[in-house]
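Novice: Sharing model_9.txt, compact mmCIF, C-alpha atoms:
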```txt
# COMPACT_ATOMS: atom_id res chain seq x y z
CA MET U 1161 77.75 37.63 9.22
CA THR U 1162 75.55 40.70 8.68
CA ARG U 1163 73.88 40.93 5.30
CA THR U 1164 75.01 43.84 3.15
CA THR U 1165 73.13 45.14 0.12
CA SER U 1166 74.78 47.01 -2.74
CA ARG U 1167 72.94 48.58 -5.69
CA PHE U 1168 74.33 50.06 -8.86
CA THR U 1169 73.18 51.01 -12.34
CA VAL U 1170 75.07 49.39 -15.19
CA PRO U 1171 77.05 52.11 -16.99
CA PRO U 1172 77.33 52.17 -20.79
CA GLU U 1173 80.93 50.94 -20.70
CA ASP U 1174 79.83 47.71 -18.92
CA ALA U 1175 77.07 46.84 -21.38
CA GLY U 1176 77.47 43.31 -22.73
CA LEU U 1177 79.63 42.06 -19.87
CA ARG U 1178 78.72 38.91 -17.98
CA LEU U 1179 76.96 39.37 -14.65
CA ASP U 1180 79.88 37.77 -12.78
CA GLN U 1181 82.20 40.28 -14.46
CA VAL U 1182 80.24 43.43 -13.75
CA VAL U 1183 79.35 42.66 -10.10
CA PRO U 1184 82.95 42.67 -8.80
CA ARG U 1185 83.54 45.99 -10.59
CA HIS U 1186 80.91 47.71 -8.47
CA VAL U 1187 80.84 45.79 -5.15
CA ALA U 1188 83.91 46.28 -2.99
CA GLY U 1189 85.50 43.12 -1.61
CA LEU U 1190 83.90 40.72 -4.10
CA SER U 1191 86.20 38.68 -6.30
CA ARG U 1192 84.81 37.17 -9.47
CA ARG U 1193 84.82 33.76 -7.80
CA LYS U 1194 82.86 35.03 -4.81
CA ALA U 1195 80.51 36.92 -7.13
CA ARG U 1196 79.69 33.62 -8.84
CA ALA U 1197 78.93 32.05 -5.45
CA VAL U 1198 76.59 34.90 -4.52
CA ILE U 1199 74.84 34.65 -7.90
CA ASP U 1200 74.47 30.87 -7.56
CA LEU U 1201 72.92 31.29 -4.11
CA GLY U 1202 70.35 33.69 -5.52
CA GLY U 1203 71.69 36.86 -3.95
CA VAL U 1204 71.71 38.97 -7.13
CA PHE U 1205 68.69 40.76 -8.61
CA VAL U 1206 68.61 42.55 -11.97
CA ASP U 1207 65.75 45.03 -12.32
CA ARG U 1208 64.15 43.41 -9.23
CA THR U 1209 64.27 39.89 -10.70
CA ARG U 1210 66.49 37.23 -9.11
CA VAL U 1211 69.11 36.10 -11.63
CA LYS U 1212 71.15 32.94 -11.03
CA VAL U 1213 73.00 32.75 -14.37
CA ALA U 1214 76.54 34.06 -13.96
CA GLY U 1215 77.00 34.35 -17.73
CA ARG U 1216 73.92 36.52 -18.29
CA ALA U 1217 74.90 39.63 -20.26
CA VAL U 1218 73.88 42.95 -18.73
CA ARG U 1219 72.54 46.06 -20.47
CA ALA U 1220 73.28 49.69 -19.77
CA GLY U 1221 70.76 51.22 -17.37
CA GLN U 1222 69.83 48.00 -15.62
CA VAL U 1223 69.73 48.19 -11.81
CA VAL U 1224 71.67 45.43 -10.09
CA GLU U 1225 71.18 44.57 -6.40
CA VAL U 1226 73.74 42.34 -4.68
CA ASN U 1227 72.99 40.78 -1.28
CA VAL U 1228 75.95 39.25 0.55
CA GLY U 1229 75.61 37.62 3.95
CA GLY U 1230 75.91 34.50 6.04
CA ALA U 1231 74.51 32.20 3.36
CA VAL U 1232 77.87 32.38 1.58
CA ALA U 1233 79.60 30.84 4.61
CA ARG U 1234 76.87 28.52 5.92
CA GLU U 1235 77.10 24.84 5.04
CA PRO U 1236 73.93 23.52 3.40
CA VAL U 1237 71.80 21.28 5.61
CA ALA U 1238 71.09 17.87 4.09
CA GLY U 1239 67.51 16.71 3.77
CA PRO U 1240 67.93 13.60 5.98
CA ALA U 1241 69.02 15.84 8.88
CA LEU U 1242 65.51 17.31 9.08
CA ARG U 1243 63.23 15.87 11.75
CA ILE U 1244 59.69 15.44 10.47
CA ALA U 1245 57.29 15.46 13.42
CA PHE U 1246 54.20 14.69 11.31
CA GLU U 1247 53.25 14.44 7.65
CA ASP U 1248 50.21 13.51 5.58
CA ASP U 1249 48.83 14.57 2.20
CA HIS U 1250 47.92 18.04 3.48
CA VAL U 1251 50.55 19.26 5.96
CA VAL U 1252 54.09 18.59 7.11
CA VAL U 1253 55.26 19.58 10.61
CA VAL U 1254 59.03 19.99 10.94
CA ASP U 1255 61.21 20.36 14.03
CA LYS U 1256 63.63 23.00 12.71
CA PRO U 1257 67.19 23.04 14.03
CA ALA U 1258 68.74 26.33 15.10
CA GLY U 1259 70.85 27.94 12.38
CA LEU U 1260 68.61 26.94 9.47
CA VAL U 1261 66.76 29.67 7.55
CA THR U 1262 63.04 28.97 7.17
CA ALA U 1263 62.51 30.40 3.68
CA PRO U 1264 64.37 32.20 0.87
CA THR U 1265 66.00 35.52 1.74
CA PRO U 1266 67.34 38.29 -0.50
CA GLU U 1267 70.79 36.72 -0.27
CA SER U 1268 69.79 33.15 -1.13
CA ASP U 1269 66.96 30.92 -2.34
CA ARG U 1270 68.86 27.69 -1.74
CA GLY U 1271 69.39 25.48 1.30
CA ASP U 1272 66.60 26.97 3.40
CA LEU U 1273 63.97 24.77 5.04
CA LEU U 1274 61.32 25.44 2.40
CA ASP U 1275 63.80 24.58 -0.34
CA LEU U 1276 64.86 21.34 1.38
CA LEU U 1277 61.26 20.22 1.81
CA SER U 1278 60.36 21.14 -1.77
CA ARG U 1279 63.05 18.86 -3.22
CA ASP U 1280 61.13 15.68 -2.28
CA ARG U 1281 57.54 16.96 -2.47
CA ARG U 1282 55.42 18.18 -5.35
CA GLU U 1283 54.06 21.19 -3.50
CA VAL U 1284 55.10 22.89 -0.26
CA TYR U 1285 53.78 26.25 0.94
CA LEU U 1286 55.26 28.49 3.61
CA VAL U 1287 52.72 29.21 6.37
CA HIS U 1288 54.86 30.87 9.08
CA ARG U 1289 58.51 31.32 10.06
CA LEU U 1290 60.99 30.91 12.89
CA ASP U 1291 64.05 33.12 13.26
CA LEU U 1292 67.37 31.69 12.07
CA PRO U 1293 68.71 31.05 15.63
CA THR U 1294 65.39 29.69 16.97
CA SER U 1295 64.65 25.97 16.90
CA GLY U 1296 61.35 24.15 17.03
CA LEU U 1297 58.07 23.31 15.34
CA LEU U 1298 56.83 24.73 12.04
CA VAL U 1299 53.92 23.66 9.86
CA PHE U 1300 54.03 23.79 6.05
CA ALA U 1301 51.05 23.22 3.76
CA LYS U 1302 51.14 20.70 0.92
CA THR U 1303 48.07 21.91 -0.97
CA ARG U 1304 46.74 25.34 -1.88
CA ASP U 1305 43.59 24.74 0.13
CA ALA U 1306 45.56 23.72 3.23
CA ASN U 1307 47.77 26.78 2.80
CA LYS U 1308 44.75 29.09 2.72
CA GLN U 1309 43.09 27.48 5.74
CA LEU U 1310 46.26 27.50 7.83
CA GLY U 1311 47.07 31.04 6.76
CA ASP U 1312 43.60 32.17 7.80
CA ALA U 1313 44.04 30.41 11.17
CA PHE U 1314 47.25 32.35 11.81
CA VAL U 1315 45.53 35.61 10.90
CA ARG U 1316 42.72 34.79 13.39
CA HIS U 1317 45.35 33.76 15.99
CA ASP U 1318 43.62 30.37 16.13
CA VAL U 1319 46.94 28.56 16.54
CA ASP U 1320 48.53 27.35 19.79
CA ARG U 1321 52.17 28.39 19.96
CA GLU U 1322 54.28 27.88 23.06
CA TYR U 1323 57.98 28.54 23.35
CA ARG U 1324 60.54 27.57 25.96
CA ALA U 1325 63.10 30.25 26.73
CA VAL U 1326 65.76 31.07 29.29
CA ALA U 1327 65.71 34.75 30.22
CA LEU U 1328 68.18 36.73 32.31
CA GLY U 1329 67.08 37.43 35.87
CA THR U 1330 63.93 36.37 37.69
CA VAL U 1331 60.84 36.68 35.52
CA ALA U 1332 57.34 36.82 37.03
CA ALA U 1333 54.20 35.50 35.38
CA GLN U 1334 52.68 38.29 33.31
CA VAL U 1335 51.04 39.36 30.07
CA ILE U 1336 53.26 41.64 28.00
CA ASP U 1337 51.09 43.89 25.83
CA ARG U 1338 53.44 46.25 24.00
CA GLU U 1339 53.39 47.44 20.42
CA ILE U 1340 56.05 46.30 17.98
CA ASP U 1341 56.47 48.51 14.91
CA HIS U 1342 53.23 50.31 15.84
CA ARG U 1343 51.21 47.07 15.87
CA ARG U 1344 49.72 45.44 18.94
CA ALA U 1345 51.73 42.49 20.25
CA VAL U 1346 50.78 40.24 23.19
CA THR U 1347 52.91 37.57 24.86
CA ARG U 1348 51.94 35.54 27.95
CA VAL U 1349 54.90 34.57 30.11
CA ASP U 1350 54.87 31.88 32.81
CA PRO U 1351 57.99 30.86 34.74
CA ILE U 1352 58.78 27.16 34.92
CA GLU U 1353 61.90 27.24 37.07
CA VAL U 1354 64.27 29.83 38.51
CA LEU U 1355 67.84 28.77 37.81
CA ALA U 1356 69.67 30.21 40.81
CA GLY U 1357 72.95 28.37 40.71
CA LEU U 1358 74.85 31.35 39.29
CA GLU U 1359 76.07 34.76 40.41
CA ALA U 1360 72.63 36.04 39.40
CA GLU U 1361 69.43 34.26 38.51
CA ALA U 1362 67.91 33.16 35.23
CA THR U 1363 64.44 31.83 34.49
CA LEU U 1364 63.33 28.91 32.37
CA LEU U 1365 59.90 29.94 31.14
CA THR U 1366 57.01 29.34 28.78
CA ALA U 1367 56.02 32.12 26.38
CA ARG U 1368 52.70 31.91 24.55
CA LEU U 1369 52.05 34.05 21.51
CA GLU U 1370 48.70 35.75 21.02
CA THR U 1371 50.06 37.71 18.05
CA GLY U 1372 52.88 36.95 15.65
CA ARG U 1373 55.26 39.88 15.24
CA THR U 1374 58.86 39.48 14.12
CA HIS U 1375 61.14 38.73 17.11
CA GLN U 1376 58.12 39.22 19.38
CA ILE U 1377 59.25 37.14 22.36
CA ARG U 1378 62.79 38.43 22.13
CA ILE U 1379 61.70 42.07 21.96
CA HIS U 1380 59.10 41.71 24.72
CA LEU U 1381 61.43 40.01 27.18
CA ALA U 1382 64.21 42.49 26.46
CA GLY U 1383 61.69 45.31 26.94
CA ILE U 1384 60.93 44.23 30.52
CA GLY U 1385 64.63 43.93 31.33
CA HIS U 1386 64.94 40.14 30.95
CA PRO U 1387 66.37 39.41 27.49
CA VAL U 1388 66.63 35.87 26.19
CA ALA U 1389 70.04 34.36 26.92
CA GLY U 1390 72.26 34.29 23.86
CA ASP U 1391 70.27 36.99 22.07
CA HIS U 1392 73.03 39.17 20.67
CA GLN U 1393 70.53 41.34 18.81
CA HIS U 1394 68.33 42.25 21.79
CA GLY U 1395 70.70 42.43 24.73
CA GLY U 1396 70.92 38.81 25.84
CA ASN U 1397 74.61 38.42 25.05
CA THR U 1398 75.80 39.86 28.36
CA GLU U 1399 77.84 37.33 30.27
CA ARG U 1400 77.56 38.95 33.68
CA THR U 1401 75.08 36.31 34.79
CA PHE U 1402 75.99 33.23 32.82
CA VAL U 1403 78.69 30.71 33.64
CA PRO U 1404 78.88 28.68 31.43
CA ARG U 1405 77.95 30.68 28.36
CA CYS U 1406 74.79 30.00 26.43
CA PRO U 1407 75.65 27.87 23.35
CA ARG U 1408 73.02 29.61 21.17
CA LEU U 1409 69.83 31.63 21.42
CA ALA U 1410 67.89 30.04 24.30
CA LEU U 1411 64.54 30.01 22.50
CA HIS U 1412 62.68 26.93 21.25
CA ALA U 1413 59.23 26.54 19.68
CA ALA U 1414 58.06 23.66 21.86
CA VAL U 1415 54.32 23.38 21.13
CA LEU U 1416 52.32 23.87 17.95
CA GLY U 1417 48.59 23.23 17.75
CA PHE U 1418 46.08 23.96 14.99
CA THR U 1419 42.91 22.69 13.34
CA HIS U 1420 43.83 20.19 10.64
CA PRO U 1421 42.76 21.75 7.31
CA ALA U 1422 41.34 18.49 5.91
CA THR U 1423 39.93 16.59 8.89
CA GLY U 1424 38.83 19.52 11.04
CA ALA U 1425 40.37 17.81 14.09
CA ARG U 1426 42.44 19.81 16.54
CA VAL U 1427 46.05 18.54 16.47
CA ARG U 1428 48.92 19.34 18.81
CA PHE U 1429 52.63 18.62 18.54
CA GLU U 1430 55.37 18.96 21.17
CA SER U 1431 59.13 19.14 20.91
CA PRO U 1432 61.52 18.89 23.89
CA LEU U 1433 64.44 21.26 24.34
CA PRO U 1434 67.26 20.29 21.95
CA ASP U 1435 70.18 18.51 23.56
CA GLU U 1436 72.54 21.49 23.44
CA LEU U 1437 70.04 23.65 25.35
CA SER U 1438 68.94 20.88 27.71
CA ARG U 1439 72.52 20.14 28.75
CA TRP U 1440 73.20 23.84 29.24
CA VAL U 1441 70.10 24.28 31.43
CA ASP U 1442 71.21 21.31 33.57
CA ARG U 1443 74.54 23.03 34.14
CA LEU U 1444 72.76 26.24 35.14
CA ARG U 1445 70.87 24.37 37.85
CA SER U 1446 74.12 23.58 39.66
CA PRO U 1447 75.89 26.09 41.93
CA ARG U 1448 78.87 27.72 40.33
CA THR U 1449 82.04 25.86 41.29
CA SER U 1450 84.51 27.05 38.68
CA THR U 1451 84.70 29.05 35.53
CA PRO U 1452 84.72 27.12 32.26
```
What is this structure when it is put down as structure tokens?
Specialist:
Amino acid sequence: MTRTTSRFTVPPEDAGLRLDQVVPRHVAGLSRRKARAVIDLGGVFVDRTRVKVAGRAVRAGQVVEVNVGGAVAREPVAGPALRIAFEDDHVVVVDKPAGLVTAPTPESDRGDLLDLLSRDRREVYLVHRLDLPTSGLLVFAKTRDANKQLGDAFVRHDVDREYRAVALGTVAAQVIDREIDHRRAVTRVDPIEVLAGLEAEATLLTARLETGRTHQIRIHLAGIGHPVAGDHQHGGNTERTFVPRCPRLALHAAVLGFTHPATGARVRFESPLPDELSRWVDRLRSPRTSTP
């Protein structure tokens, strides 16, 4: 579901009404019940401040922003479902499943990965993110000092990040150096295996980030004519080459390495392709015999 944002200024005749009363008056398609759900998720801001109290009275002239999106429909992910790859007093490395938001968004501050980790830990700091449909390794800091050191390492690009992806067509080894939003972005691509059991080929590959722009791998591969399979946003949703269909975005953060902020030792973590992608890749290796 695409997020929609609505803004309105509270008119004098609505002054004194509850927030869950005034929102449905000004946002088409929102019932009072759904308005309460959006407020509870953290999708409503009053004068740029997130408000999660449905009964809060509004004043004339206040600016209300309402963000409605997929968080309303998504089921919350329980803490035990998270796979912790490593944890000590300074950092926690998590293997994020696809479909889980990394951090709060304008539509919700509940049920994201940072929120789930924070429930059982005194302090957790966001260091970097993965897109909602991307799975794989993320590091969070557990102290302010660790957060600063890891943040500085990401700024210096002193972090090893390798992704596994399946891209449409046959992809050659190359360095993609193309700006994203007027900022330099560099991705190193190395093919692992050409999957030629279909009407057209696909490539299982490794992508290494030298910079960290939003959707960098997805944009770079789409820009050279080989979008990531299952990428509906950047052209990888075409089915002309894929039988069977990709079950999700075929992108996984497989390797994460960094200097430990307390010990100074270089640490490295690896995560195999999730089962749903691994099984799908196995099917792609076989010649097409029938349509699904």
Novice: Could you check the closest approach to Gly1390 of chain U for each of U:Pro1293, U:Pro1172, U:Gly1189, U:Pro1351 and tell me which residue wins, using only C-alpha atoms?
Specialist: U:Pro1293
Novice: Find, counting all atoms listed in the file, the residue in U:Arg1167, U:Arg1408, U:Arg1270, U:Arg1219 that gets nearest to Leu1201 of chain U.
Specialist: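 Among the listed residues, the smallest separation from Leu1201 of chain U belongs to U:Arg1270.
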Novice: Report the centre and edge lengths, in Å to one decimal, of an axis-aligned box enclosing every atom of segment 1190-1206 of chain U listed in the file, padded by 4 Å on each side, as AutoDock Vina command-line options.
Specialist:
```
--center_x 77.4 --center_y 36.7 --center_z -8.0 --size_x 25.6 --size_y 19.7 --size_z 16.0
```
Novice: Show me as an mmCIF file with C-alpha atoms, keeping the file's coordinate frame the residues that reach within 8 Å of (48.8, 17.0, 13.6), counting all atoms listed in the file and using the file's own coordinates.
Specialist:
```cif
data_model
loop_
_atom_site.group_PDB
_atom_site.id
_atom_site.type_symbol
_atom_site.label_atom_id
_atom_site.label_comp_id
_atom_site.auth_asym_id
_atom_site.auth_seq_id
_atom_site.Cartn_x
_atom_site.Cartn_y
_atom_site.Cartn_z
ATOM 1 C CA PHE U 1246 54.200 14.690 11.310
ATOM 2 C CA GLU U 1247 53.250 14.440 7.650
ATOM 3 C CA VAL U 1253 55.260 19.580 10.610
ATOM 4 C CA GLY U 1417 48.590 23.230 17.750
ATOM 5 C CA PHE U 1418 46.080 23.960 14.990
ATOM 6 C CA HIS U 1420 43.830 20.190 10.640
ATOM 7 C CA ARG U 1426 42.440 19.810 16.540
ATOM 8 C CA VAL U 1427 46.050 18.540 16.470
ATOM 9 C CA ARG U 1428 48.920 19.340 18.810
ATOM 10 C CA PHE U 1429 52.630 18.620 18.540
#
```
Novice: Calculated over all atoms listed in the file, which of the candidates U:Thr1169, U:His1394, U:Leu1190, U:Val1254 has the smallest distance to Gly1221 of chain U?
Specialist: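 The answer is U:Thr1169, which sits nearest to Gly1221 of chain U.
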Novice: Let me make sure I understand: among U:Ala1301, U:Leu1273, U:Val1211, U:Ala1345, which one has the smallest atom-to-atom distance to Ala1422 of chain U if we use only C-alpha atoms?
Specialist: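 Among the listed residues, U:Ala1301 lies closest to Ala1422 of chain U.
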Novice: Calculate how many Å separate atom CA of Leu1276 of chain U from atom CA of Leu1416 of chain U, rounding to one decimal.
Specialist: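 Going from atom CA of Leu1276 of chain U over to atom CA of Leu1416 of chain U, I get 20.9 Å.
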Novice: Name the closest residue to Thr1371 of chain U among the candidates U:Thr1423, U:Val1319, U:His1412, U:Asp1255; distances are taken between atoms, counting all atoms listed in the file.
Specialist: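 Going through U:Thr1423, U:Val1319, U:His1412, U:Asp1255 one by one, the smallest distance to Thr1371 of chain U is for U:Val1319.
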Novice: Could you list, as a list in words, every residue within 8 Å of Thr1303 of chain U, counting only C-alpha atoms and ignoring same-chain residues fewer than 3 positions away?
Specialist: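 Listing them by chain and then by number gives His1250, Val1251, Glu1283, Val1284, Tyr1285, Ala1306 and Asn1307 of chain U.
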Novice: Tell me which of U:Asp1337, U:Glu1225, U:Asp1291, U:Asp1275 sits closest to Lys1256 of chain U, counting only C-alpha atoms.
Specialist: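 Looking only at the distances to Lys1256 of chain U, the closest residue turns out to be U:Asp1291.
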Novice: Just how far from atom CA of Arg1196 of chain U is atom CA of Arg1282 of chain U, in Å to one decimal?
Specialist: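 Taking atom CA of Arg1282 of chain U and atom CA of Arg1196 of chain U, their separation equals 29.0 Å.
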Novice: Every residue with an atom at most 8 Å from (63.5, 28.1, 38.1) (file coordinates; all atoms listed in the file) is what I'm after, so could you write them as a list in words?
Specialist: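 Returned residue set, sorted by chain then number, is Pro1351, Ile1352, Glu1353, Val1354, Leu1355, Ala1356, Ala1362, Thr1363 and Leu1364 of chain U.
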Novice: In Å to one decimal, how far is atom CA of Ala1245 of chain U from atom CA of Leu1381 of chain U?
Specialist: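 Result for atom CA of Leu1381 of chain U versus atom CA of Ala1245 of chain U: 28.4 Å, one decimal.
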Novice: Excluding same-chain residues fewer than 6 positions from Glu1370 of chain U, what lies within 7 Å of it counting all atoms listed in the file, as a list in words?
Specialist: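 In the requested form, the answer reads His1317, Val1346 and Thr1347 of chain U.
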Novice: With a distance cut-off of 7 Å and all atoms listed in the file, select the neighbouring residues of Leu1437 of chain U, excluding the residue or stretch itself and same-chain residues fewer than 4 positions from it, and output the selection as number ranges by chain.
Specialist: U: 1410, 1433, 1441
Novice: Near Arg1210 of chain U, counting only C-alpha atoms, which residues have an atom at most 9 Å away, once you skip same-chain residues fewer than 6 positions from it, shown as a compact mmCIF listing (two decimals) with C-alpha atoms, in the frame of the given file?
Specialist:
```txt
# COMPACT_ATOMS: atom_id res chain seq x y z
CA ILE U 1199 74.84 34.65 -7.90
CA GLY U 1202 70.35 33.69 -5.52
CA GLY U 1203 71.69 36.86 -3.95
CA VAL U 1204 71.71 38.97 -7.13
CA PRO U 1266 67.34 38.29 -0.50
```
Novice: I'd like the neighbourhood of Gln1181 of chain U as a PyMOL selection string, where a residue qualifies if any of its atoms comes within 12 Å (using all atoms listed in the file), though same-chain residues fewer than 3 positions away should be ignored.
Specialist: chain U and resi 1170+1174-1178+1184-1187+1190-1196+1199+1213-1218
